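Novice: Pasting model_1.txt here (compact mmCIF, C-alpha atoms):
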# COMPACT_ATOMS: atom_id res chain seq x y z
CA MET A 1018 -12.00 1.22 23.56
CA LEU A 1019 -10.99 4.84 23.99
CA ARG A 1020 -8.84 3.87 26.96
CA VAL A 1021 -7.06 1.27 24.88
CA VAL A 1022 -6.37 3.80 22.14
CA VAL A 1023 -5.06 6.35 24.63
CA ALA A 1024 -2.83 3.78 26.30
CA ALA A 1025 -1.46 2.69 22.93
CA ILE A 1026 -0.72 6.27 21.97
CA VAL A 1027 1.04 7.04 25.25
CA ASN A 1028 3.09 3.86 25.06
CA ASP A 1029 4.07 3.97 21.43
CA MET A 1030 4.14 7.50 20.22
CA ARG A 1031 7.08 9.07 21.99
CA ARG A 1032 10.01 8.32 19.72
CA ALA A 1033 8.09 8.24 16.47
CA VAL A 1034 6.20 11.44 17.20
CA ILE A 1035 9.37 13.25 18.24
CA GLY A 1036 10.90 12.15 14.96
CA LEU A 1037 7.84 13.23 13.00
CA PHE A 1038 7.83 16.65 14.61
CA ALA A 1039 11.56 17.00 13.90
CA PHE A 1040 10.78 16.13 10.28
CA LEU A 1041 8.00 18.70 10.08
CA PHE A 1042 10.21 21.27 11.80
CA CYS A 1043 12.92 20.68 9.21
CA LEU A 1044 10.40 21.05 6.40
CA ALA A 1045 9.02 24.22 7.91
CA GLY A 1046 12.52 25.64 8.21
CA ALA A 1047 13.53 24.66 4.72
CA ALA A 1048 14.03 27.51 2.33
CA PRO A 1049 11.99 27.25 -0.87
CA ALA A 1050 13.41 26.21 -4.22
CA LEU A 1051 13.02 29.49 -5.97
CA ALA A 1052 12.38 28.25 -9.49
CA HIS A 1053 9.09 26.81 -8.29
CA THR A 1054 8.05 29.51 -5.90
CA GLY A 1055 7.10 33.11 -6.20
CA ASP A 1056 6.09 35.06 -3.14
CA VAL A 1057 7.65 33.51 -0.04
CA THR A 1058 4.81 34.73 2.18
CA GLY A 1059 2.49 32.54 0.13
CA GLY A 1060 4.49 29.41 0.98
CA PHE A 1061 4.07 26.80 3.68
CA ILE A 1062 4.59 29.19 6.59
CA GLY A 1063 2.12 31.71 5.16
CA GLY A 1064 -0.46 28.98 4.69
CA PHE A 1065 0.20 27.53 8.13
CA ALA A 1066 -0.28 30.92 9.78
CA HIS A 1067 -3.41 31.75 7.79
CA PRO A 1068 -6.05 29.82 9.82
CA LEU A 1069 -4.38 30.78 13.08
CA PHE A 1070 -5.38 34.42 12.63
CA GLY A 1071 -9.11 33.66 12.48
CA PRO A 1072 -10.56 33.14 15.96
CA ASP A 1073 -13.84 31.81 14.54
CA HIS A 1074 -11.92 29.29 12.46
CA ILE A 1075 -9.79 28.26 15.45
CA ALA A 1076 -12.84 27.80 17.69
CA ALA A 1077 -14.64 25.63 15.14
CA MET A 1078 -11.58 23.48 14.36
CA VAL A 1079 -10.85 22.85 18.03
CA ALA A 1080 -14.52 21.98 18.52
CA VAL A 1081 -14.30 19.38 15.74
CA GLY A 1082 -11.41 17.72 17.58
CA LEU A 1083 -13.15 17.98 20.94
CA TRP A 1084 -16.30 16.39 19.56
CA GLY A 1085 -14.36 13.64 17.82
CA ALA A 1086 -12.52 12.77 21.03
CA PHE A 1087 -15.76 12.93 22.97
CA LEU A 1088 -17.46 10.54 20.56
CA GLY A 1089 -14.48 8.19 20.64
CA PRO A 1090 -13.34 5.79 17.89
CA PRO A 1091 -13.97 5.82 14.98
CA ALA A 1092 -15.25 9.42 15.08
CA ILE A 1093 -11.98 10.55 16.64
CA PHE A 1094 -10.25 10.01 13.31
CA ILE A 1095 -13.14 10.00 10.83
CA LEU A 1096 -14.08 13.61 11.55
CA PRO A 1097 -10.52 14.97 11.02
CA ILE A 1098 -10.41 13.04 7.73
CA VAL A 1099 -13.83 14.21 6.55
CA PHE A 1100 -13.26 17.85 7.40
CA PRO A 1101 -10.24 18.66 5.16
CA LEU A 1102 -11.66 16.72 2.22
CA VAL A 1103 -15.01 18.50 2.33
CA MET A 1104 -13.22 21.76 3.10
CA ALA A 1105 -11.31 21.28 -0.16
CA PHE A 1106 -14.64 20.94 -1.97
CA GLY A 1107 -15.76 24.22 -0.38
CA ALA A 1108 -12.46 25.81 -1.38
CA VAL A 1109 -13.02 24.72 -4.98
CA LEU A 1110 -16.39 26.47 -4.91
CA GLY A 1111 -14.71 29.61 -3.57
CA ILE A 1112 -11.91 29.49 -6.12
CA LEU A 1113 -14.31 28.99 -9.01
CA GLY A 1114 -16.48 31.83 -7.75
CA VAL A 1115 -19.52 29.69 -7.03
CA PRO A 1116 -21.50 31.67 -4.47
CA VAL A 1117 -22.32 30.13 -1.10
CA PRO A 1118 -24.74 32.21 0.98
CA ALA A 1119 -23.76 33.61 4.38
CA VAL A 1120 -20.27 32.17 4.50
CA GLU A 1121 -19.05 34.20 7.48
CA ALA A 1122 -22.28 33.56 9.36
CA GLY A 1123 -21.92 29.86 8.58
CA ILE A 1124 -18.44 29.83 10.10
CA ALA A 1125 -19.68 31.56 13.25
CA VAL A 1126 -22.65 29.16 13.48
CA SER A 1127 -20.25 26.23 13.07
CA ALA A 1128 -18.40 27.26 16.22
CA ALA A 1129 -21.69 27.70 18.07
CA VAL A 1130 -23.22 24.40 16.95
CA LEU A 1131 -20.11 22.26 17.32
CA GLY A 1132 -19.40 23.80 20.72
CA LEU A 1133 -22.96 23.11 21.73
CA MET A 1134 -22.65 19.48 20.64
CA VAL A 1135 -19.69 19.08 22.97
CA ALA A 1136 -21.32 21.00 25.80
CA LEU A 1137 -24.45 18.85 25.58
CA ALA A 1138 -22.38 15.66 25.18
CA ALA A 1139 -24.41 14.91 22.06
CA ARG A 1140 -23.81 11.42 20.67
CA PRO A 1141 -25.52 11.21 17.29
CA PRO A 1142 -24.72 8.37 14.84
CA LEU A 1143 -21.36 8.76 13.16
CA TRP A 1144 -22.83 9.64 9.78
CA VAL A 1145 -24.88 12.43 11.33
CA ALA A 1146 -21.79 13.86 13.02
CA ALA A 1147 -19.87 13.58 9.74
CA VAL A 1148 -22.64 15.36 7.82
CA ILE A 1149 -22.77 18.18 10.39
CA VAL A 1150 -18.99 18.63 10.35
CA GLY A 1151 -18.82 18.29 6.57
CA THR A 1152 -21.54 20.88 6.03
CA PHE A 1153 -19.68 23.43 8.10
CA ALA A 1154 -16.43 22.51 6.38
CA ILE A 1155 -17.88 23.87 3.13
CA PHE A 1156 -18.20 27.34 4.68
CA HIS A 1157 -14.66 27.26 6.03
CA GLY A 1158 -13.29 25.99 2.74
CA HIS A 1159 -15.18 28.55 0.68
CA ALA A 1160 -13.90 31.41 2.80
CA HIS A 1161 -10.30 30.30 2.60
CA GLY A 1162 -10.38 29.07 -0.98
CA ALA A 1163 -11.03 32.57 -2.23
CA GLU A 1164 -7.86 33.69 -0.43
CA LEU A 1165 -5.49 31.08 -1.85
CA PRO A 1166 -2.58 32.84 -3.53
CA SER A 1167 -2.09 32.24 -7.21
CA GLY A 1168 1.30 31.21 -8.52
CA ALA A 1169 3.56 28.24 -8.28
CA ASP A 1170 3.76 28.30 -4.49
CA ALA A 1171 0.03 27.83 -4.01
CA LEU A 1172 0.57 24.17 -3.19
CA ALA A 1173 2.93 24.95 -0.32
CA PHE A 1174 0.42 27.51 0.96
CA ALA A 1175 -2.47 25.05 0.68
CA ALA A 1176 -0.44 22.35 2.44
CA GLY A 1177 0.44 24.71 5.29
CA PHE A 1178 -3.17 25.79 5.55
CA VAL A 1179 -4.47 22.22 5.67
CA VAL A 1180 -1.78 21.08 8.14
CA ALA A 1181 -2.59 24.00 10.45
CA THR A 1182 -6.26 23.07 10.32
CA GLY A 1183 -5.34 19.50 11.17
CA CYS A 1184 -3.17 20.66 14.06
CA LEU A 1185 -6.14 22.59 15.45
CA HIS A 1186 -8.15 19.36 15.24
CA LEU A 1187 -5.37 17.55 17.08
CA THR A 1188 -5.37 20.24 19.75
CA GLY A 1189 -9.07 19.65 20.29
CA ILE A 1190 -8.56 15.88 20.30
CA ALA A 1191 -5.73 16.15 22.83
CA PHE A 1192 -7.88 18.20 25.18
CA GLY A 1193 -10.92 16.05 24.47
CA LEU A 1194 -9.07 12.94 25.65
CA LEU A 1195 -9.39 14.35 29.15
CA ALA A 1196 -13.01 13.20 28.95
CA ARG A 1197 -11.96 9.75 30.14
CA TRP A 1198 -11.83 11.15 33.67
CA PRO A 1199 -14.97 12.53 35.35
CA ALA A 1200 -13.39 15.90 36.08
CA GLY A 1201 -11.94 16.01 32.58
CA ARG A 1202 -15.36 15.31 31.13
CA ILE A 1203 -16.67 18.40 32.87
CA ALA A 1204 -13.69 20.40 31.60
CA VAL A 1205 -14.28 19.24 28.03
CA ARG A 1206 -17.97 20.06 28.15
CA ALA A 1207 -17.15 23.45 29.66
CA ALA A 1208 -14.72 24.07 26.81
CA GLY A 1209 -17.51 23.21 24.39
CA ALA A 1210 -19.76 25.70 26.12
CA VAL A 1211 -17.10 28.40 25.88
CA ILE A 1212 -16.71 27.72 22.15
CA ALA A 1213 -20.49 27.83 21.68
CA VAL A 1214 -20.68 31.21 23.42
CA ALA A 1215 -17.75 32.45 21.34
CA GLY A 1216 -19.57 31.32 18.20
CA LEU A 1217 -22.65 33.28 19.22
CA MET A 1218 -20.44 36.31 19.85
CA PHE A 1219 -18.90 35.97 16.39
CA LEU A 1220 -22.42 35.78 15.00
CA GLY A 1221 -23.42 38.89 16.96
CA TRP A 1222 -20.47 40.83 15.57
CA LEU A 1223 -21.59 40.01 12.06
CA ALA A 1224 -25.12 41.28 12.69
CA MET B 1279 14.75 3.52 14.34
CA ILE B 1280 11.77 5.04 12.57
CA ALA B 1281 12.22 8.29 14.43
CA ARG B 1282 15.87 8.44 13.36
CA ALA B 1283 14.85 7.81 9.78
CA TRP B 1284 12.33 10.65 9.88
CA ILE B 1285 14.96 12.98 11.34
CA LEU B 1286 17.44 11.91 8.67
CA VAL B 1287 14.99 12.51 5.85
CA GLY B 1288 14.00 15.89 7.28
CA ALA B 1289 17.59 16.94 7.80
CA VAL B 1290 18.56 15.96 4.27
CA LEU B 1291 15.60 17.93 2.87
CA LEU B 1292 16.54 20.93 4.99
CA LEU B 1293 20.14 20.93 3.82
CA MET B 1294 19.27 20.38 0.19
CA ALA B 1295 16.57 23.04 0.13
CA GLY B 1296 18.99 25.51 1.66
CA GLU B 1297 21.48 24.87 -1.12
CA ALA B 1298 18.84 25.24 -3.80
CA SER B 1299 17.61 28.57 -2.52
CA ALA B 1300 21.07 30.05 -2.83
CA HIS B 1301 20.46 30.29 -6.56
CA PRO B 1302 18.17 32.82 -8.19
CA VAL B 1303 16.56 29.99 -10.14
CA PHE B 1304 16.79 26.26 -9.77
CA GLY B 1305 20.16 26.63 -11.41
CA ILE B 1306 22.05 23.71 -9.95
CA THR B 1307 22.80 21.35 -12.77
CA GLY B 1308 24.47 18.01 -13.18
CA VAL B 1309 23.78 15.02 -10.99
CA ARG B 1310 23.48 17.21 -7.90
CA GLY B 1311 20.74 19.33 -9.42
CA GLY B 1312 18.90 16.21 -10.50
CA LEU B 1313 19.20 14.71 -7.04
CA LEU B 1314 17.69 17.83 -5.51
CA HIS B 1315 14.76 18.24 -7.87
CA PRO B 1316 12.31 15.57 -6.57
CA LEU B 1317 13.03 16.62 -2.98
CA VAL B 1318 12.34 20.33 -3.14
CA VAL B 1319 9.46 20.80 -5.57
CA PRO B 1320 6.28 20.80 -3.45
CA SER B 1321 4.08 18.99 -5.97
CA HIS B 1322 6.71 16.27 -6.43
CA VAL B 1323 7.20 15.82 -2.69
CA MET B 1324 3.48 15.66 -1.96
CA SER B 1325 2.64 13.25 -4.75
CA ALA B 1326 5.57 11.03 -3.76
CA MET B 1327 4.42 11.07 -0.14
CA ALA B 1328 0.85 10.12 -1.02
CA LEU B 1329 1.96 7.40 -3.39
CA ALA B 1330 4.56 6.09 -0.95
CA ILE B 1331 2.00 5.76 1.84
CA LEU B 1332 -0.33 3.98 -0.56
CA ILE B 1333 2.42 1.64 -1.78
CA GLY B 1334 3.73 1.05 1.74
CA ARG B 1335 0.41 -0.42 2.74
CA GLN B 1336 0.13 -2.79 -0.22
CA PRO B 1337 1.45 -6.36 -0.34
CA LEU B 1338 3.41 -5.79 -3.58
CA GLY B 1339 5.16 -2.65 -2.40
CA GLN B 1340 8.58 -3.37 -3.91
CA ALA B 1341 7.08 -4.17 -7.31
CA MET B 1342 5.10 -0.94 -7.20
CA VAL B 1343 8.28 1.02 -6.49
CA ALA B 1344 9.80 -0.63 -9.57
CA VAL B 1345 6.74 0.33 -11.63
CA TYR B 1346 7.08 3.91 -10.40
CA ALA B 1347 10.77 3.91 -11.33
CA LEU B 1348 9.94 2.67 -14.83
CA GLY B 1349 7.40 5.46 -15.26
CA LEU B 1350 9.90 8.01 -13.97
CA VAL B 1351 12.60 6.81 -16.36
CA ALA B 1352 10.12 6.85 -19.25
CA GLY B 1353 9.20 10.46 -18.47
CA LEU B 1354 12.84 11.50 -18.19
CA CYS B 1355 13.65 9.73 -21.48
CA ALA B 1356 10.84 11.67 -23.13
CA ILE B 1357 12.38 14.89 -21.78
CA ALA B 1358 15.80 13.78 -23.05
CA ALA B 1359 14.20 13.24 -26.45
CA ALA B 1360 13.16 16.92 -26.40
CA TYR B 1361 9.49 16.22 -25.74
CA VAL B 1362 7.81 19.31 -24.31
CA PRO B 1363 5.01 18.26 -21.96
CA THR B 1364 1.92 20.26 -21.18
CA LEU B 1365 -0.04 20.04 -17.95
CA ALA B 1366 2.48 17.62 -16.39
CA GLU B 1367 2.25 19.30 -12.99
CA GLU B 1368 -1.54 19.43 -13.15
CA ALA B 1369 -1.58 15.70 -13.91
CA LEU B 1370 0.75 15.17 -10.98
CA LEU B 1371 -1.56 17.12 -8.67
CA LEU B 1372 -4.52 15.06 -9.88
CA LEU B 1373 -2.61 11.85 -9.15
CA ALA B 1374 -1.63 13.18 -5.71
CA ALA B 1375 -5.29 13.92 -5.00
CA ILE B 1376 -6.34 10.43 -6.07
CA ALA B 1377 -3.55 8.73 -4.13
CA GLY B 1378 -4.36 10.83 -1.06
CA LEU B 1379 -8.03 9.89 -1.28
CA LEU B 1380 -7.15 6.20 -1.54
CA VAL B 1381 -4.87 6.54 1.49
CA ALA B 1382 -7.64 8.28 3.44
CA TRP B 1383 -10.05 5.54 2.38
CA GLY B 1384 -7.71 3.07 4.05
CA ARG B 1385 -8.75 -0.12 2.25
CA PRO B 1386 -6.45 -2.70 0.62
CA LEU B 1387 -6.31 -2.20 -3.12
CA PRO B 1388 -5.64 -4.60 -6.01
CA TRP B 1389 -2.38 -4.10 -7.87
CA VAL B 1390 -4.29 -3.21 -11.04
CA VAL B 1391 -5.30 0.01 -9.29
CA VAL B 1392 -1.98 0.86 -7.64
CA ALA B 1393 0.35 -0.05 -10.52
CA PRO B 1394 -1.15 2.35 -13.11
CA LEU B 1395 -1.20 5.07 -10.46
CA ALA B 1396 2.47 4.47 -9.64
CA ALA B 1397 3.46 4.41 -13.32
CA ALA B 1398 1.48 7.56 -14.08
CA ALA B 1399 2.94 9.41 -11.08
CA GLY B 1400 6.47 8.43 -12.07
CA LEU B 1401 5.82 9.51 -15.65
CA ALA B 1402 4.35 12.85 -14.56
CA ILE B 1403 7.26 13.59 -12.22
CA GLY B 1404 9.69 12.73 -15.01
CA LEU B 1405 7.91 14.97 -17.49
CA ASP B 1406 7.79 17.79 -14.93
CA SER B 1407 11.55 17.66 -14.35
CA PRO B 1408 13.14 19.35 -17.36
CA PRO B 1409 16.80 20.13 -16.64
CA GLU B 1410 18.12 23.67 -16.79
CA ALA B 1411 21.46 22.74 -18.26
CA ILE B 1412 23.46 24.41 -21.00
CA SER B 1413 24.94 21.23 -22.45
CA ILE B 1414 23.41 17.91 -23.39
CA ALA B 1415 25.89 15.99 -21.27
CA GLU B 1416 25.08 18.06 -18.21
CA ALA B 1417 21.35 17.73 -18.89
CA ASN B 1418 21.66 13.97 -19.09
CA LEU B 1419 23.51 13.92 -15.77
CA THR B 1420 20.71 15.98 -14.25
CA LEU B 1421 18.12 13.52 -15.53
CA ILE B 1422 20.08 10.58 -14.13
CA GLY B 1423 20.22 12.33 -10.76
CA THR B 1424 16.47 12.91 -10.87
CA ALA B 1425 15.83 9.25 -11.64
CA LEU B 1426 18.02 8.07 -8.76
CA SER B 1427 16.74 10.58 -6.24
CA GLY B 1428 13.08 10.24 -7.19
CA THR B 1429 13.17 6.47 -6.93
CA ALA B 1430 15.15 6.45 -3.68
CA PHE B 1431 12.89 9.05 -2.10
CA LEU B 1432 9.75 7.07 -2.90
CA ALA B 1433 11.35 3.81 -1.76
CA VAL B 1434 12.43 5.28 1.60
CA LEU B 1435 9.03 6.83 2.24
CA ALA B 1436 7.24 3.62 1.27
CA LEU B 1437 9.51 1.66 3.60
CA LEU B 1438 8.75 4.04 6.45
CA ALA B 1439 5.02 3.86 5.74
CA SER B 1440 5.14 0.06 5.70
CA ARG B 1441 6.77 0.08 9.16
CA LEU B 1442 3.92 2.09 10.68
CA ARG B 1443 1.61 -0.76 11.58
CA ARG B 1444 0.02 0.26 14.85
CA ASP B 1445 -3.57 1.44 14.78
CA TRP B 1446 -2.86 5.03 15.68
CA GLN B 1447 -0.02 5.16 13.15
CA ARG B 1448 -2.32 3.90 10.39
CA ILE B 1449 -4.86 6.52 11.42
CA GLY B 1450 -2.15 9.17 11.18
CA LEU B 1451 -1.29 8.03 7.67
CA ARG B 1452 -4.93 8.19 6.63
CA ILE B 1453 -5.20 11.73 8.00
CA ALA B 1454 -2.01 12.66 6.13
CA GLY B 1455 -3.57 11.27 2.96
CA SER B 1456 -6.63 13.44 3.43
CA TRP B 1457 -4.40 16.49 3.95
CA ILE B 1458 -2.42 15.82 0.78
CA SER B 1459 -5.57 15.21 -1.22
CA ALA B 1460 -7.24 18.37 0.07
CA SER B 1461 -4.17 20.48 -0.73
CA ALA B 1462 -3.87 19.04 -4.23
CA ILE B 1463 -7.58 19.52 -5.00
CA MET B 1464 -7.46 23.16 -3.94
CA VAL B 1465 -4.42 23.95 -6.06
CA LEU B 1466 -5.85 22.09 -9.05
CA ALA B 1467 -8.97 24.23 -8.82
CA LEU B 1468 -6.78 27.31 -8.62
CA ARG B 1469 -4.83 26.28 -11.73
CA PHE B 1470 -7.93 25.61 -13.78
CA ALA B 1471 -9.53 28.82 -12.57
CA GLY B 1472 -6.61 30.62 -14.16
CA GLY B 1473 -4.67 31.45 -11.01
Could you write out this file's structure as structure tokens?
Specialist:
Amino acid sequence: MLRVVVAAIVNDMRRAVIGLFAFLFCLAGAAPALAHTGDVTGGFIGGFAHPLFGPDHIAAMVAVGLWGAFLGPPAIFILPIVFPLVMAFGAVLGILGVPVPAVEAGIAVSAAVLGLMVALAARPPLWVAAVIVGTFAIFHGHAHGAELPSGADALAFAAGFVVATGCLHLTGIAFGLLARWPAGRIAVRAAGAVIAVAGLMFLGWLA
Amino acid sequence: MIARAWILVGAVLLLMAGEASAHPVFGITGVRGGLLHPLVVPSHVMSAMALAILIGRQPLGQAMVAVYALGLVAGLCAIAAAYVPTLAEEALLLLAAIAGLLVAWGRPLPWVVVAPLAAAAGLAIGLDSPPEAISIAEANLTLIGTALSGTAFLAVLALLASRLRRDWQRIGLRIAGSWISASAIMVLALRFAGG
């Protein structure tokens, strides 16, 4: 099944994906309409860059993609759909000031656990994987929700932030697709192990 | 063909946004200002994208575009009649969140669900598009431009979404729906938290 999906992507995606990336590039380069925006740094580019400056966030997001690719369809697309939606719920908690205990530790643990899942080639039922990913998404969302800029450009910031998170998932998925080859499978599991170790290091720095 | 259409839409948005930013406020008036408005306001673009993907995957897509256009015209007529809306953008964000969730859900929907959503989104975009004109004639031209541009934008996006029929393309649309919904939910929370 995974092989069929990969073959379909390789055969069909070229022109459409190039067009889509051109579209996104144009949007990213577009100057804001100033009547509806305030601080430019809080716009799409600011939001897009925001998750890319958190190594713990990057590690966990890539691990989500790796695990999804490792599990194959439908997890390969269910997990990247579940994560942003639950992350938004976590962000709402952060914005409204609802306390969530040990947010930073939760983010570090998310990298460790998700990396470990990949390293161990864990194949739980889809709903279990979704619950694990969704639980950690609350921590990520809470941390970032508290940092959303106020003002009319918050939507552009939030969109950039969510798209960047999705791109990190896609990065993990792209690398995780190597698992269809024996050597690639080892590489993917090794990447999971590296992320797990990084997560433990993040946790150690917090202690 | 689809790739060219995406490039065309992106290029048009790029050019139009560049023009708009040359003004200290959204000061372009007349038909041109109206044409720009639905294409450069983030909440309008995102709600239109979510709704267009939803409509593009329904059997009665063209009728839903017409319903959206009716809602849009109704909202613009209310603005022309000097109605001052409150919470129009918040309503639009809520509708974007709902439409995004339905897209992410990925199931066929009855028209009784999609049609009210399309009408409400059109109405909210219309109510959130007050012209910044100094004369009534110019304001009316701006509203006409908004009606044309808003309807055309949704129709083009819905057409593009309807052309994406392969499995991985449908998955991509569902992921895009989840992104739009997540963004809208976060900003809604921010608005109601007083941000």
Novice: To one decimal in Å, tell me the separation between atom CA of A:Ala1171 and atom CA of A:Met1104.
Specialist: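 Calculated distance between atom CA of A:Ala1171 and atom CA of A:Met1104 is 16.2 Å.
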Novice: Nearest residue to B:Gly1378 out of A:Gly1082, A:Gly1071, A:Pro1141, A:Pro1101, using all atoms listed in the file?
Specialist: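 That would be A:Pro1101, the residue with the smallest distance to B:Gly1378.
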Novice: Can you work out which one of B:Ile1422, B:Ala1460, B:Leu1373, B:Val1381 has the shortest atom-to-atom distance to B:Ser1325, counting only C-alpha atoms?
Specialist: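 Closest candidate: B:Leu1373.
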Novice: Could you give me, as a ChimeraX atom specification, the residues within 10 Å of A:Val1150, counting only C-alpha atoms and dropping anything in the same chain fewer than 5 positions from it?
Specialist: /A:1077-1078,1080-1081,1084,1096-1097,1099-1100,1103-1104,1127,1130-1131,1144-1145,1155
Novice: Would you list the contacts of B:Ala1360 as a PyMOL selection string, taking every protein, DNA or RNA residue within 12 Å and counting all atoms listed in the file, but skipping same-chain residues closer than 4 positions in sequence?
Specialist: chain B and resi 1353-1356+1405+1408-1409+1414+1417-1418
Novice: Those residues with C-alpha atoms, as a PDB file, in the coordinates of the input please?
Specialist:
ATOM      1  CA  GLY B1353       9.200  10.460 -18.470  1.00  0.00           C
ATOM      2  CA  LEU B1354      12.840  11.500 -18.190  1.00  0.00           C
ATOM      3  CA  CYS B1355      13.650   9.730 -21.480  1.00  0.00           C
ATOM      4  CA  ALA B1356      10.840  11.670 -23.130  1.00  0.00           C
ATOM      5  CA  LEU B1405       7.910  14.970 -17.490  1.00  0.00           C
ATOM      6  CA  PRO B1408      13.140  19.350 -17.360  1.00  0.00           C
ATOM      7  CA  PRO B1409      16.800  20.130 -16.640  1.00  0.00           C
ATOM      8  CA  ILE B1414      23.410  17.910 -23.390  1.00  0.00           C
ATOM      9  CA  ALA B1417      21.350  17.730 -18.890  1.00  0.00           C
ATOM     10  CA  ASN B1418      21.660  13.970 -19.090  1.00  0.00           C
TER      11      ASN B1418
END
Novice: Using all atoms listed in the file, find the one residue out of A:Leu1069, A:Ile1093, A:Ala1207, A:Leu1217 that sits nearest to A:Leu1187.
Specialist: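 Closest candidate: A:Ile1093.
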Novice: Of the residues A:Gly1060, A:Pro1091, A:Gly1132, A:Gly1183, which is the one nearest to B:Ser1456, using only C-alpha atoms?
Specialist: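 Comparing A:Gly1060, A:Pro1091, A:Gly1132, A:Gly1183 against B:Ser1456, the winner is A:Gly1183.
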Novice: Excluding stretch 1329-1337 of chain B and its own-chain neighbours fewer than 6 positions away, which residues fall within 6 Å of it when counting only C-alpha atoms? Please give them as a PyMOL selection string.
Specialist: chain B and resi 1377+1381+1432+1435-1436+1439-1440
Novice: Quick one: everything within 10 Å of B:Ala1393, counting all atoms listed in the file, minus sequence neighbours fewer than 5 positions away in the same chain. Send it as a PyMOL selection string.
Specialist: chain B and resi 1333+1338-1339+1341-1346+1388+1398-1399
Novice: Using only C-alpha atoms, can you tell me which of B:Leu1421, B:Leu1379, B:Leu1387, B:Ala1430 comes closest to chain A?
Specialist: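 Once distances to chain A are computed over only C-alpha atoms, the minimum belongs to B:Leu1379.
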Novice: Smallest atom-to-atom distance to chain B: which of A:Gly1209, A:Gly1089, A:Gly1111, A:Gly1063, using all atoms listed in the file?
Specialist: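 The closest residue to chain B is A:Gly1111.
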